[in-house]
Amino acid sequence: MDQSKIDALRAKPVPAFSHLIDGRHCAASDGATMEIISPIDGQVLTTVARGTAKDMETAIASARAAFEDRRWAGQPPAARKKVMMAWADLIEANALELAVLGVRDNGTEIGMALRAEPGSAAATIRYYAEALDKVYGEIAPTQGDILGLVHKEPVGVVGAIIPWNFPLMIGAWKLGPALAMGNSVVLKPAETASLSLMRMAELALEAGLPPGVLNAVTGEGAVVGEAMGLSMDVDVLVFTGSGATGRRLLEYSARSNMKRVYLELGGKSPNIVFADAPDLSEAAKVSAAGIFRNAGQVCVAASRLLVEASIHDDFVAEVVKAAEAMRVGDPLLVDTHIGAVNSETQLRQNLGFVDTARAEGGDVVTGGDRILTETGGYYMAPTVVTGVRPDATLAQKEVFGPVLGVTPFTSDDEAVRIANSTVYGLAGGIWTSNLSRTHRMLRDVRAGVLHVNTYGGPDNTVPLGGMGQSGNGQDKSLHAIEKYINLKTAWIKL
Ligand code: ADP
């Protein structure tokens with residue numbers, strides 16, 4: 001990473017963004033805009049269109065028209081693949097510009113942003129571009145003079161509601177398979193991380209995606225997101241975000257056309273460290289990174305540390321040392337480990353969780369405060385709280401911030417019981433050198449993704465999805481494709 005190139009991009013003013021509908025930029029129907037505040041310094045960065053329900057309906061109608069005339073689904077697979085590959089190339093060619101724009105908007109440290117945002121988005125788009133002509137129907141083993149065909153069809157119009165922590169990566173998880181299967185998509189970026197995703201959508205059009213196949217509408221979730229959820233013309237809704245919004249989306253579906261809703265929600269992921277872990281100091285470093293990178297704003301963040309009691313004090317001391325060695329600050333400096341918290345609201349919420357943890361008997365052994373206030377930005381010290389009871393708020397509720405709760409355990413059964421004692425089931429970690437214990441844990445811990453002697457980092461080849469109130473359906477891998485197709489049986493008498 002070249003600091004001078006990053007600085008040059010940071011110095012550029014950011015233009016105002018408007019919706020992208022039918023291949024054109026357009027303002028909100030009532031002309032309203034909303035200010036985008038940079039979490040780096042709390043200053044206004046630019047504005048985006050403050051969408052209305054009418055704007056969302058226009059975008060959905062455009063996507064529907066694009067689907068019905070088959071301007072995308074009707075193209076030969078090789079032609080669609082070429083467009084998607086060109087799109088991935090453009091994302092890669094503009095990677096630094098996209099990453100810096102995204103960081104100015106959402107505060108993620110640039111090292112992680114470059115890898116996890118344009119880097120991962122380009123790889124994801126390519127993965128599904130390569131897969132698109134390898135997904136086709138079946139001939140069933142019917143008997144007699146009957147031919148049973150199973151067609152795989154695109155679902156139609158997909159609505160995608162994206163969060164602010166990794167807009168390009170998560171956006172690509174939805175856009176890649178949805179577009180590869182021939183659907184039209186309407187995108188709703190998050191209020192506090194719209195810019196790089198809007199730019200990535202523009203690049204899709206530059207790559208040759210026909211107008212209307214991908215429309216993007218900015219604005220408030222409660223307005224444009226709700227209009228998308230309640231639409232009679234959206235066939236599938238895909239979402240990553242909070243449980244509260246996920247619940248609303250299910251309600252919108254029930255109140256409208258019973259559209260399929262796929263949710264990737266929060267987590268309270270247990271990271272379970274046994275005394276026989278192969279390398280405890282490596283485990284401590286990775287555990288700290290697993291909760292503190294991107295200021296804890298990661299859905300699979302290892303936010304609950306369960307430590308075998310016999311090593312508790314030494315291990316916590318190592319985690320605290322690792323946490324205190326992480327540099328928090330300006331996310332556009334290449335040597336920053338932890339960037340800004342996304343918004344003032346989020347920062348206040350994080351600090352509130354620390355207060356509650358203290359009130360419930362937890363001991364804040366490092367961090368706990370807002371720091372670097374002189375910058376005007378939203379920064380928080382990595383925070384470790386020990387003595388967190390399994391039923392305490394910090395052990396039960398997702399913070400989505402750099403706050404780690406530590407709970408000791410004394411047996412495998414107790415570790416599993418504590419690990420499974422939340423409503424969530426997204427991710428987890430297991431640190432041990434005992435093979436049988438590893439497999440028992442993999443069997444017994446309820447989570448969609450478990451890491452053994454490491455944490456984080458799986459690529460497109462494996463699915464990501466939650467159990468319990470962490471959601472349903474899968475992002476990534478070929479399994480994600482199921483969400484974006486309908487099966488249609490043809491029963492033919494010969
Ligand atoms: P967070 O609380 O972490 O911001 P949200 O679930 O509120 O998470 O946000 C994730 C996405 O959901 C954002 O794009 C946001 O605009 C959208 N959203 C928020 N409220 C609603 C709603 N009522 N209907 C539809 N989308 C919404």
# chains A, B, ... in the order shown; residues from 1 in each chain; ligands from 1

call {"tool": "closest_atom_pairs", "arguments": {"of": "chain A", "to": "ligand 1", "cutoff": "8 Å", "atoms": "only C-alpha atoms and all ligand atoms", "output": "tab-separated table"}}
result
residue	atom	partner	partner_atom_place_in_ligand_line	distance
A:Ile161	CA	ligand 1	14 (O)	5.1
A:Ile162	CA	ligand 1	14 (O)	4.7
A:Pro163	CA	ligand 1	10 (C)	4.2
A:Trp164	CA	ligand 1	4 (O)	6.9
A:Lys188	CA	ligand 1	14 (O)	5.9
A:Pro189	CA	ligand 1	14 (O)	4.9
A:Ala190	CA	ligand 1	14 (O)	3.3
A:Glu191	CA	ligand 1	16 (O)	5.5
A:Gly219	CA	ligand 1	16 (O)	7.2
A:Glu220	CA	ligand 1	16 (O)	5.3
A:Gly221	CA	ligand 1	16 (O)	3.3
A:Ala222	CA	ligand 1	23 (N)	3.8
A:Val223	CA	ligand 1	24 (N)	6.9
A:Val224	CA	ligand 1	25 (C)	6.9
A:Gly225	CA	ligand 1	25 (C)	3.4
A:Glu226	CA	ligand 1	24 (N)	4.0
A:Ala227	CA	ligand 1	25 (C)	7.6
A:Met228	CA	ligand 1	25 (C)	7.1
A:Gly229	CA	ligand 1	25 (C)	6.3
A:Phe239	CA	ligand 1	12 (O)	7.3
A:Thr240	CA	ligand 1	10 (C)	6.3
A:Gly241	CA	ligand 1	6 (O)	3.9
A:Ser242	CA	ligand 1	6 (O)	3.7
A:Gly243	CA	ligand 1	6 (O)	6.7
A:Ala244	CA	ligand 1	6 (O)	6.5
A:Thr245	CA	ligand 1	6 (O)	4.5
A:Gly246	CA	ligand 1	6 (O)	6.8
A:Arg248	CA	ligand 1	23 (N)	6.2
A:Leu249	CA	ligand 1	24 (N)	6.3
A:Phe400	CA	ligand 1	3 (O)	7.6

call {"tool": "residues_around", "arguments": {"residues": "segment 50-67 of chain A", "least_positions_apart": "6", "cutoff": "10 Å", "atoms": "only C-alpha atoms", "output": "ChimeraX atom specification"}}
result
/A:18-23,26-35,73-74,154-159,182-188,191,210-228,231-235

call {"tool": "closest_residue", "arguments": {"among": "A:Leu332, A:Thr192, A:Leu263, A:Leu450", "to": "Ala11 of chain A", "atoms": "only C-alpha atoms"}}
result
A:Leu332

call {"tool": "residues_around", "arguments": {"residues": "Asp412 of chain A", "least_positions_apart": "2", "cutoff": "12 Å", "atoms": "only C-alpha atoms", "output": "VMD selection string"}}
result
chain A and resid 272 to 275 306 to 309 408 to 410 414 to 419 430 432 434 436 to 441 444 to 445

call {"tool": "closest_residue", "arguments": {"among": "A:Asn420, A:Thr142, A:Ser120, A:Asn453", "to": "Gly171 of chain A", "atoms": "only C-alpha atoms"}}
result
A:Ser120

call {"tool": "residues_around", "arguments": {"residues": "Leu101 of chain A", "least_positions_apart": "5", "cutoff": "12 Å", "atoms": "only C-alpha atoms", "output": "PyMOL selection string"}}
result
chain A and resi 6-15+36+38+40+45-46+94-96+106-110+113-114+117-118+167-168+193-200+331-332

call {"tool": "write_last_selection", "arguments": {"atoms": "N, CA and C atoms", "output": "JSON list (two decimals), in the first residue's frame"}}
result
[["chain", "number", "residue", "atom", "x", "y", "z"],
["A", 6, "ILE", "N", -2.80, 7.02, -1.33],
["A", 6, "ILE", "CA", -3.99, 7.10, -0.47],
["A", 6, "ILE", "C", -4.25, 8.56, -0.09],
["A", 7, "ASP", "N", -3.18, 9.26, 0.25],
["A", 7, "ASP", "CA", -3.33, 10.67, 0.64],
["A", 7, "ASP", "C", -3.88, 11.50, -0.52],
["A", 8, "ALA", "N", -3.40, 11.21, -1.73],
["A", 8, "ALA", "CA", -3.88, 11.97, -2.90],
["A", 8, "ALA", "C", -5.38, 11.74, -3.10],
["A", 9, "LEU", "N", -5.82, 10.48, -2.92],
["A", 9, "LEU", "CA", -7.25, 10.19, -3.08],
["A", 9, "LEU", "C", -8.07, 10.85, -1.96],
["A", 10, "ARG", "N", -7.50, 10.87, -0.76],
["A", 10, "ARG", "CA", -8.21, 11.46, 0.37],
["A", 10, "ARG", "C", -8.41, 12.97, 0.18],
["A", 11, "ALA", "N", -7.47, 13.58, -0.54],
["A", 11, "ALA", "CA", -7.54, 15.03, -0.72],
["A", 11, "ALA", "C", -8.65, 15.43, -1.70],
["A", 12, "LYS", "N", -9.14, 14.49, -2.46],
["A", 12, "LYS", "CA", -10.15, 14.82, -3.47],
["A", 12, "LYS", "C", -11.52, 15.02, -2.83],
["A", 13, "PRO", "N", -12.23, 16.09, -3.22],
["A", 13, "PRO", "CA", -13.59, 16.22, -2.71],
["A", 13, "PRO", "C", -14.47, 15.10, -3.28],
["A", 14, "VAL", "N", -15.45, 14.67, -2.51],
["A", 14, "VAL", "CA", -16.32, 13.58, -2.97],
["A", 14, "VAL", "C", -17.58, 14.20, -3.59],
["A", 15, "PRO", "N", -17.89, 13.86, -4.83],
["A", 15, "PRO", "CA", -19.09, 14.44, -5.45],
["A", 15, "PRO", "C", -20.36, 13.94, -4.77],
["A", 36, "ILE", "N", -23.65, 13.01, 4.40],
["A", 36, "ILE", "CA", -22.84, 11.86, 4.79],
["A", 36, "ILE", "C", -21.70, 12.39, 5.66],
["A", 38, "SER", "N", -18.28, 11.76, 7.71],
["A", 38, "SER", "CA", -17.16, 10.83, 7.77],
["A", 38, "SER", "C", -16.81, 10.52, 9.23],
["A", 40, "ILE", "N", -14.13, 9.52, 10.25],
["A", 40, "ILE", "CA", -12.71, 9.82, 10.49],
["A", 40, "ILE", "C", -12.57, 11.12, 11.28],
["A", 45, "LEU", "N", -18.93, 14.82, 4.44],
["A", 45, "LEU", "CA", -18.10, 14.35, 3.33],
["A", 45, "LEU", "C", -18.76, 14.70, 2.00],
["A", 46, "THR", "N", -20.05, 14.45, 1.91],
["A", 46, "THR", "CA", -20.80, 14.73, 0.70],
["A", 46, "THR", "C", -22.28, 14.53, 1.02],
["A", 94, "ASN", "N", -9.99, -0.25, -10.16],
["A", 94, "ASN", "CA", -10.33, 0.94, -9.35],
["A", 94, "ASN", "C", -10.27, 0.63, -7.85],
["A", 95, "ALA", "N", -9.53, -0.42, -7.49],
["A", 95, "ALA", "CA", -9.59, -0.92, -6.11],
["A", 95, "ALA", "C", -9.23, 0.15, -5.08],
["A", 96, "LEU", "N", -8.14, 0.85, -5.30],
["A", 96, "LEU", "CA", -7.71, 1.80, -4.27],
["A", 96, "LEU", "C", -8.72, 2.94, -4.14],
["A", 106, "ASN", "N", -17.09, 4.84, 5.87],
["A", 106, "ASN", "CA", -17.46, 3.95, 6.98],
["A", 106, "ASN", "C", -16.37, 3.72, 8.03],
["A", 107, "GLY", "N", -15.13, 4.14, 7.78],
["A", 107, "GLY", "CA", -14.12, 4.14, 8.85],
["A", 107, "GLY", "C", -13.27, 2.89, 9.00],
["A", 108, "THR", "N", -13.48, 1.86, 8.17],
["A", 108, "THR", "CA", -12.66, 0.63, 8.27],
["A", 108, "THR", "C", -11.19, 0.95, 7.97],
["A", 109, "GLU", "N", -10.27, 0.33, 8.72],
["A", 109, "GLU", "CA", -8.85, 0.56, 8.45],
["A", 109, "GLU", "C", -8.52, 0.12, 7.02],
["A", 110, "ILE", "N", -7.68, 0.92, 6.35],
["A", 110, "ILE", "CA", -7.47, 0.76, 4.90],
["A", 110, "ILE", "C", -6.90, -0.61, 4.52],
["A", 113, "ALA", "N", -9.74, -2.86, 4.51],
["A", 113, "ALA", "CA", -10.71, -2.42, 3.50],
["A", 113, "ALA", "C", -10.26, -2.84, 2.11],
["A", 114, "LEU", "N", -8.98, -2.67, 1.81],
["A", 114, "LEU", "CA", -8.51, -3.02, 0.46],
["A", 114, "LEU", "C", -8.72, -4.50, 0.16],
["A", 117, "GLU", "N", -12.75, -5.44, 0.84],
["A", 117, "GLU", "CA", -13.79, -4.75, 0.08],
["A", 117, "GLU", "C", -13.60, -4.95, -1.44],
["A", 118, "PRO", "N", -12.89, -4.07, -2.17],
["A", 118, "PRO", "CA", -12.79, -4.33, -3.62],
["A", 118, "PRO", "C", -12.13, -5.66, -3.92],
["A", 167, "PRO", "N", -19.58, -2.93, 2.82],
["A", 167, "PRO", "CA", -20.60, -2.80, 1.77],
["A", 167, "PRO", "C", -20.25, -3.50, 0.46],
["A", 168, "LEU", "N", -18.99, -3.46, 0.05],
["A", 168, "LEU", "CA", -18.65, -4.08, -1.25],
["A", 168, "LEU", "C", -18.62, -5.59, -1.14],
["A", 193, "ALA", "N", -22.92, 3.98, 4.65],
["A", 193, "ALA", "CA", -21.89, 3.38, 3.78],
["A", 193, "ALA", "C", -22.46, 3.14, 2.39],
["A", 194, "SER", "N", -22.88, 4.24, 1.75],
["A", 194, "SER", "CA", -23.50, 4.09, 0.42],
["A", 194, "SER", "C", -22.49, 4.27, -0.70],
["A", 195, "LEU", "N", -21.45, 5.09, -0.45],
["A", 195, "LEU", "CA", -20.72, 5.68, -1.57],
["A", 195, "LEU", "C", -19.98, 4.66, -2.42],
["A", 196, "SER", "N", -19.18, 3.80, -1.78],
["A", 196, "SER", "CA", -18.38, 2.87, -2.60],
["A", 196, "SER", "C", -19.28, 1.86, -3.30],
["A", 197, "LEU", "N", -20.39, 1.51, -2.66],
["A", 197, "LEU", "CA", -21.32, 0.56, -3.29],
["A", 197, "LEU", "C", -22.01, 1.19, -4.50],
["A", 198, "MET", "N", -22.36, 2.47, -4.39],
["A", 198, "MET", "CA", -22.96, 3.16, -5.54],
["A", 198, "MET", "C", -21.95, 3.22, -6.69],
["A", 199, "ARG", "N", -20.69, 3.45, -6.34],
["A", 199, "ARG", "CA", -19.64, 3.50, -7.37],
["A", 199, "ARG", "C", -19.46, 2.11, -8.00],
["A", 200, "MET", "N", -19.52, 1.06, -7.17],
["A", 200, "MET", "CA", -19.38, -0.29, -7.72],
["A", 200, "MET", "C", -20.55, -0.62, -8.66],
["A", 331, "PRO", "N", -8.08, 5.74, 9.89],
["A", 331, "PRO", "CA", -8.12, 4.49, 9.11],
["A", 331, "PRO", "C", -7.42, 4.60, 7.76],
["A", 332, "LEU", "N", -7.08, 5.83, 7.33],
["A", 332, "LEU", "CA", -6.40, 5.96, 6.04],
["A", 332, "LEU", "C", -4.88, 5.96, 6.18]]

call {"tool": "select_by_dssp", "arguments": {"residues": "segment 213-328 of chain A", "states": "alpha helix (DSSP H)", "output": "PyMOL selection string"}}
result
chain A and resi 226-230+243-255+280-292+312-324

call {"tool": "residues_around", "arguments": {"residues": "Thr461 of chain A", "least_positions_apart": "3", "cutoff": "12 Å", "atoms": "only C-alpha atoms", "output": "PDB file with N, CA, C and O atoms, in the first residue's frame"}}
result
ATOM      1  N   ALA A 123     -13.267 -10.821  -6.509  1.00  0.00           N
ATOM      2  CA  ALA A 123     -13.139 -12.290  -6.495  1.00  0.00           C
ATOM      3  C   ALA A 123     -14.519 -12.948  -6.475  1.00  0.00           C
ATOM      4  O   ALA A 123     -14.748 -13.969  -7.135  1.00  0.00           O
ATOM      5  N   THR A 124     -15.435 -12.360  -5.733  1.00  0.00           N
ATOM      6  CA  THR A 124     -16.785 -12.945  -5.634  1.00  0.00           C
ATOM      7  C   THR A 124     -17.523 -12.839  -6.970  1.00  0.00           C
ATOM      8  O   THR A 124     -18.157 -13.801  -7.424  1.00  0.00           O
ATOM      9  N   TYR A 127     -16.127 -15.396  -9.219  1.00  0.00           N
ATOM     10  CA  TYR A 127     -16.518 -16.757  -8.817  1.00  0.00           C
ATOM     11  C   TYR A 127     -17.893 -17.098  -9.412  1.00  0.00           C
ATOM     12  O   TYR A 127     -18.078 -18.164 -10.000  1.00  0.00           O
ATOM     13  N   TYR A 128     -18.840 -16.177  -9.285  1.00  0.00           N
ATOM     14  CA  TYR A 128     -20.193 -16.472  -9.794  1.00  0.00           C
ATOM     15  C   TYR A 128     -20.271 -16.344 -11.308  1.00  0.00           C
ATOM     16  O   TYR A 128     -21.074 -17.028 -11.953  1.00  0.00           O
ATOM     17  N   ALA A 131     -19.261 -19.579 -12.507  1.00  0.00           N
ATOM     18  CA  ALA A 131     -20.220 -20.645 -12.185  1.00  0.00           C
ATOM     19  C   ALA A 131     -21.473 -20.585 -13.069  1.00  0.00           C
ATOM     20  O   ALA A 131     -22.205 -21.566 -13.174  1.00  0.00           O
ATOM     21  N   TRP A 173     -21.592 -10.476  -2.346  1.00  0.00           N
ATOM     22  CA  TRP A 173     -22.150 -11.791  -1.975  1.00  0.00           C
ATOM     23  C   TRP A 173     -23.588 -11.940  -2.495  1.00  0.00           C
ATOM     24  O   TRP A 173     -24.048 -13.040  -2.764  1.00  0.00           O
ATOM     25  N   GLY A 457     -11.440 -15.520   7.902  1.00  0.00           N
ATOM     26  CA  GLY A 457     -10.711 -15.666   6.653  1.00  0.00           C
ATOM     27  C   GLY A 457     -11.199 -16.651   5.615  1.00  0.00           C
ATOM     28  O   GLY A 457     -10.557 -16.765   4.572  1.00  0.00           O
ATOM     29  N   PRO A 458     -12.321 -17.384   5.810  1.00  0.00           N
ATOM     30  CA  PRO A 458     -12.728 -18.302   4.745  1.00  0.00           C
ATOM     31  C   PRO A 458     -13.056 -17.556   3.447  1.00  0.00           C
ATOM     32  O   PRO A 458     -13.513 -16.418   3.488  1.00  0.00           O
ATOM     33  N   LEU A 464     -21.452 -19.183   4.083  1.00  0.00           N
ATOM     34  CA  LEU A 464     -21.579 -18.459   5.356  1.00  0.00           C
ATOM     35  C   LEU A 464     -23.068 -18.259   5.614  1.00  0.00           C
ATOM     36  O   LEU A 464     -23.771 -17.651   4.807  1.00  0.00           O
ATOM     37  N   GLN A 474     -27.716 -19.072   2.796  1.00  0.00           N
ATOM     38  CA  GLN A 474     -26.255 -19.002   2.768  1.00  0.00           C
ATOM     39  C   GLN A 474     -25.799 -17.912   1.822  1.00  0.00           C
ATOM     40  O   GLN A 474     -26.363 -17.755   0.748  1.00  0.00           O
ATOM     41  N   ASP A 475     -24.749 -17.196   2.220  1.00  0.00           N
ATOM     42  CA  ASP A 475     -23.996 -16.369   1.284  1.00  0.00           C
ATOM     43  C   ASP A 475     -22.767 -17.176   0.902  1.00  0.00           C
ATOM     44  O   ASP A 475     -22.329 -18.060   1.630  1.00  0.00           O
ATOM     45  N   LYS A 476     -22.175 -16.828  -0.229  1.00  0.00           N
ATOM     46  CA  LYS A 476     -20.930 -17.442  -0.718  1.00  0.00           C
ATOM     47  C   LYS A 476     -21.145 -18.917  -1.109  1.00  0.00           C
ATOM     48  O   LYS A 476     -22.116 -19.535  -0.717  1.00  0.00           O
ATOM     49  N   SER A 477     -20.205 -19.416  -1.881  1.00  0.00           N
ATOM     50  CA  SER A 477     -20.187 -20.800  -2.370  1.00  0.00           C
ATOM     51  C   SER A 477     -21.335 -21.033  -3.363  1.00  0.00           C
ATOM     52  O   SER A 477     -22.207 -20.178  -3.547  1.00  0.00           O
ATOM     53  N   LEU A 478     -21.354 -22.213  -3.961  1.00  0.00           N
ATOM     54  CA  LEU A 478     -22.417 -22.530  -4.918  1.00  0.00           C
ATOM     55  C   LEU A 478     -23.769 -22.650  -4.212  1.00  0.00           C
ATOM     56  O   LEU A 478     -24.817 -22.501  -4.835  1.00  0.00           O
ATOM     57  N   HIS A 479     -23.759 -22.896  -2.891  1.00  0.00           N
ATOM     58  CA  HIS A 479     -25.032 -23.019  -2.162  1.00  0.00           C
ATOM     59  C   HIS A 479     -25.831 -21.723  -2.215  1.00  0.00           C
ATOM     60  O   HIS A 479     -27.056 -21.747  -2.140  1.00  0.00           O
ATOM     61  N   ALA A 480     -25.147 -20.577  -2.312  1.00  0.00           N
ATOM     62  CA  ALA A 480     -25.854 -19.294  -2.323  1.00  0.00           C
ATOM     63  C   ALA A 480     -26.778 -19.181  -3.532  1.00  0.00           C
ATOM     64  O   ALA A 480     -27.778 -18.460  -3.498  1.00  0.00           O
TER      65      ALA A 480
END

call {"tool": "select_by_dssp", "arguments": {"residues": "segment 41-237 of chain A", "states": "strand (DSSP E)", "output": "count of residues only"}}
result
33

call {"tool": "atom_distance", "arguments": {"atom1": "atom CA of Arg24 of chain A", "atom2": "atom CA of Ile170 of chain A"}}
result
23.8 Å

call {"tool": "closest_residue", "arguments": {"among": "A:Ser287, A:Ser433, A:Thr386, A:Ser4", "to": "Glu360 of chain A", "atoms": "only C-alpha atoms"}}
result
A:Thr386

call {"tool": "residues_around", "arguments": {"residues": "Val300 of chain A", "least_positions_apart": "3", "cutoff": "8 Å", "atoms": "only C-alpha atoms", "output": "MDAnalysis selection string"}}
result
chainID A and resid 266:269 426:428 456

call {"tool": "write_last_selection", "arguments": {"atoms": "N, CA, C and O atoms", "output": "PDB file, in the first residue's frame"}}
result
ATOM      1  N   GLY A 266     -27.096 -10.945  13.178  1.00  0.00           N
ATOM      2  CA  GLY A 266     -25.941 -10.765  14.059  1.00  0.00           C
ATOM      3  C   GLY A 266     -25.414 -12.062  14.645  1.00  0.00           C
ATOM      4  O   GLY A 266     -25.832 -13.164  14.278  1.00  0.00           O
ATOM      5  N   GLY A 267     -24.484 -11.911  15.557  1.00  0.00           N
ATOM      6  CA  GLY A 267     -23.923 -13.056  16.254  1.00  0.00           C
ATOM      7  C   GLY A 267     -23.365 -12.632  17.596  1.00  0.00           C
ATOM      8  O   GLY A 267     -23.284 -11.439  17.910  1.00  0.00           O
ATOM      9  N   LYS A 268     -23.047 -13.612  18.395  1.00  0.00           N
ATOM     10  CA  LYS A 268     -22.357 -13.378  19.666  1.00  0.00           C
ATOM     11  C   LYS A 268     -21.402 -14.543  19.757  1.00  0.00           C
ATOM     12  O   LYS A 268     -21.553 -15.463  20.581  1.00  0.00           O
ATOM     13  N   SER A 269     -20.456 -14.564  18.835  1.00  0.00           N
ATOM     14  CA  SER A 269     -19.724 -15.789  18.544  1.00  0.00           C
ATOM     15  C   SER A 269     -18.746 -16.166  19.653  1.00  0.00           C
ATOM     16  O   SER A 269     -17.918 -15.358  20.080  1.00  0.00           O
ATOM     17  N   LEU A 426     -23.981 -17.899  14.698  1.00  0.00           N
ATOM     18  CA  LEU A 426     -23.329 -17.515  13.437  1.00  0.00           C
ATOM     19  C   LEU A 426     -21.939 -18.152  13.290  1.00  0.00           C
ATOM     20  O   LEU A 426     -21.678 -18.851  12.329  1.00  0.00           O
ATOM     21  N   ALA A 427     -21.041 -17.877  14.239  1.00  0.00           N
ATOM     22  CA  ALA A 427     -19.661 -18.357  14.077  1.00  0.00           C
ATOM     23  C   ALA A 427     -19.095 -18.753  15.434  1.00  0.00           C
ATOM     24  O   ALA A 427     -19.760 -18.598  16.468  1.00  0.00           O
ATOM     25  N   GLY A 428     -17.871 -19.249  15.409  1.00  0.00           N
ATOM     26  CA  GLY A 428     -17.215 -19.601  16.661  1.00  0.00           C
ATOM     27  C   GLY A 428     -15.798 -20.063  16.399  1.00  0.00           C
ATOM     28  O   GLY A 428     -15.409 -20.285  15.239  1.00  0.00           O
ATOM     29  N   GLY A 456     -11.445 -16.605  11.398  1.00  0.00           N
ATOM     30  CA  GLY A 456     -11.757 -15.739  10.251  1.00  0.00           C
ATOM     31  C   GLY A 456     -11.057 -16.177   8.993  1.00  0.00           C
ATOM     32  O   GLY A 456     -10.235 -17.106   8.993  1.00  0.00           O
TER      33      GLY A 456
END

call {"tool": "residues_around", "arguments": {"residues": "Arg389 of chain A", "least_positions_apart": "4", "cutoff": "9 Å", "atoms": "only C-alpha atoms", "output": "PyMOL selection string"}}
result
chain A and resi 360-362+393-395+406-408

call {"tool": "write_last_selection", "arguments": {"atoms": "N, CA, C and O atoms", "output": "PDB file, in the first residue's frame"}}
result
ATOM      1  N   GLU A 360     -23.158  -4.805  35.777  1.00  0.00           N
ATOM      2  CA  GLU A 360     -23.527  -6.208  35.993  1.00  0.00           C
ATOM      3  C   GLU A 360     -22.358  -7.018  36.571  1.00  0.00           C
ATOM      4  O   GLU A 360     -22.377  -8.243  36.533  1.00  0.00           O
ATOM      5  N   GLY A 361     -21.315  -6.336  37.042  1.00  0.00           N
ATOM      6  CA  GLY A 361     -20.239  -7.022  37.764  1.00  0.00           C
ATOM      7  C   GLY A 361     -18.999  -7.311  36.950  1.00  0.00           C
ATOM      8  O   GLY A 361     -18.053  -7.915  37.457  1.00  0.00           O
ATOM      9  N   GLY A 362     -18.967  -6.909  35.688  1.00  0.00           N
ATOM     10  CA  GLY A 362     -17.790  -7.140  34.850  1.00  0.00           C
ATOM     11  C   GLY A 362     -16.652  -6.202  35.240  1.00  0.00           C
ATOM     12  O   GLY A 362     -16.865  -5.130  35.819  1.00  0.00           O
ATOM     13  N   THR A 393     -25.712  -9.105  30.013  1.00  0.00           N
ATOM     14  CA  THR A 393     -26.046  -8.431  28.747  1.00  0.00           C
ATOM     15  C   THR A 393     -24.902  -8.566  27.747  1.00  0.00           C
ATOM     16  O   THR A 393     -25.128  -8.857  26.564  1.00  0.00           O
ATOM     17  N   LEU A 394     -23.673  -8.380  28.220  1.00  0.00           N
ATOM     18  CA  LEU A 394     -22.524  -8.432  27.296  1.00  0.00           C
ATOM     19  C   LEU A 394     -22.328  -9.825  26.704  1.00  0.00           C
ATOM     20  O   LEU A 394     -21.737  -9.972  25.633  1.00  0.00           O
ATOM     21  N   ALA A 395     -22.827 -10.848  27.376  1.00  0.00           N
ATOM     22  CA  ALA A 395     -22.696 -12.210  26.848  1.00  0.00           C
ATOM     23  C   ALA A 395     -23.878 -12.577  25.950  1.00  0.00           C
ATOM     24  O   ALA A 395     -23.818 -13.569  25.226  1.00  0.00           O
ATOM     25  N   VAL A 406     -15.162 -11.797  28.590  1.00  0.00           N
ATOM     26  CA  VAL A 406     -14.443 -13.044  28.904  1.00  0.00           C
ATOM     27  C   VAL A 406     -15.185 -13.815  29.997  1.00  0.00           C
ATOM     28  O   VAL A 406     -15.569 -13.251  31.029  1.00  0.00           O
ATOM     29  N   THR A 407     -15.352 -15.123  29.762  1.00  0.00           N
ATOM     30  CA  THR A 407     -16.038 -16.002  30.714  1.00  0.00           C
ATOM     31  C   THR A 407     -15.221 -17.281  30.873  1.00  0.00           C
ATOM     32  O   THR A 407     -14.875 -17.902  29.859  1.00  0.00           O
ATOM     33  N   PRO A 408     -14.904 -17.690  32.095  1.00  0.00           N
ATOM     34  CA  PRO A 408     -14.160 -18.944  32.267  1.00  0.00           C
ATOM     35  C   PRO A 408     -15.078 -20.170  32.222  1.00  0.00           C
ATOM     36  O   PRO A 408     -16.285 -20.046  32.456  1.00  0.00           O
TER      37      PRO A 408
END

call {"tool": "atom_distance", "arguments": {"atom1": "atom CA of Ala289 of chain A", "atom2": "atom CA of Ala302 of chain A"}}
result
8.8 Å

call {"tool": "atom_distance", "arguments": {"atom1": "atom CA of Val462 of chain A", "atom2": "atom CA of Gly448 of chain A"}}
result
10.7 Å

call {"tool": "closest_residue", "arguments": {"among": "A:Cys299, A:Val261, A:Ala129, A:Ala122", "to": "Pro177 of chain A", "atoms": "only C-alpha atoms"}}
result
A:Ala129

call {"tool": "closest_residue", "arguments": {"among": "A:Gly425, A:Val150, A:Glu68, A:Leu250", "to": "Val238 of chain A", "atoms": "only C-alpha atoms"}}
result
A:Leu250

call {"tool": "closest_residue", "arguments": {"among": "A:Arg70, A:Lys397, A:Arg327, A:Arg260", "to": "Gln349 of chain A", "atoms": "only C-alpha atoms"}}
result
A:Lys397
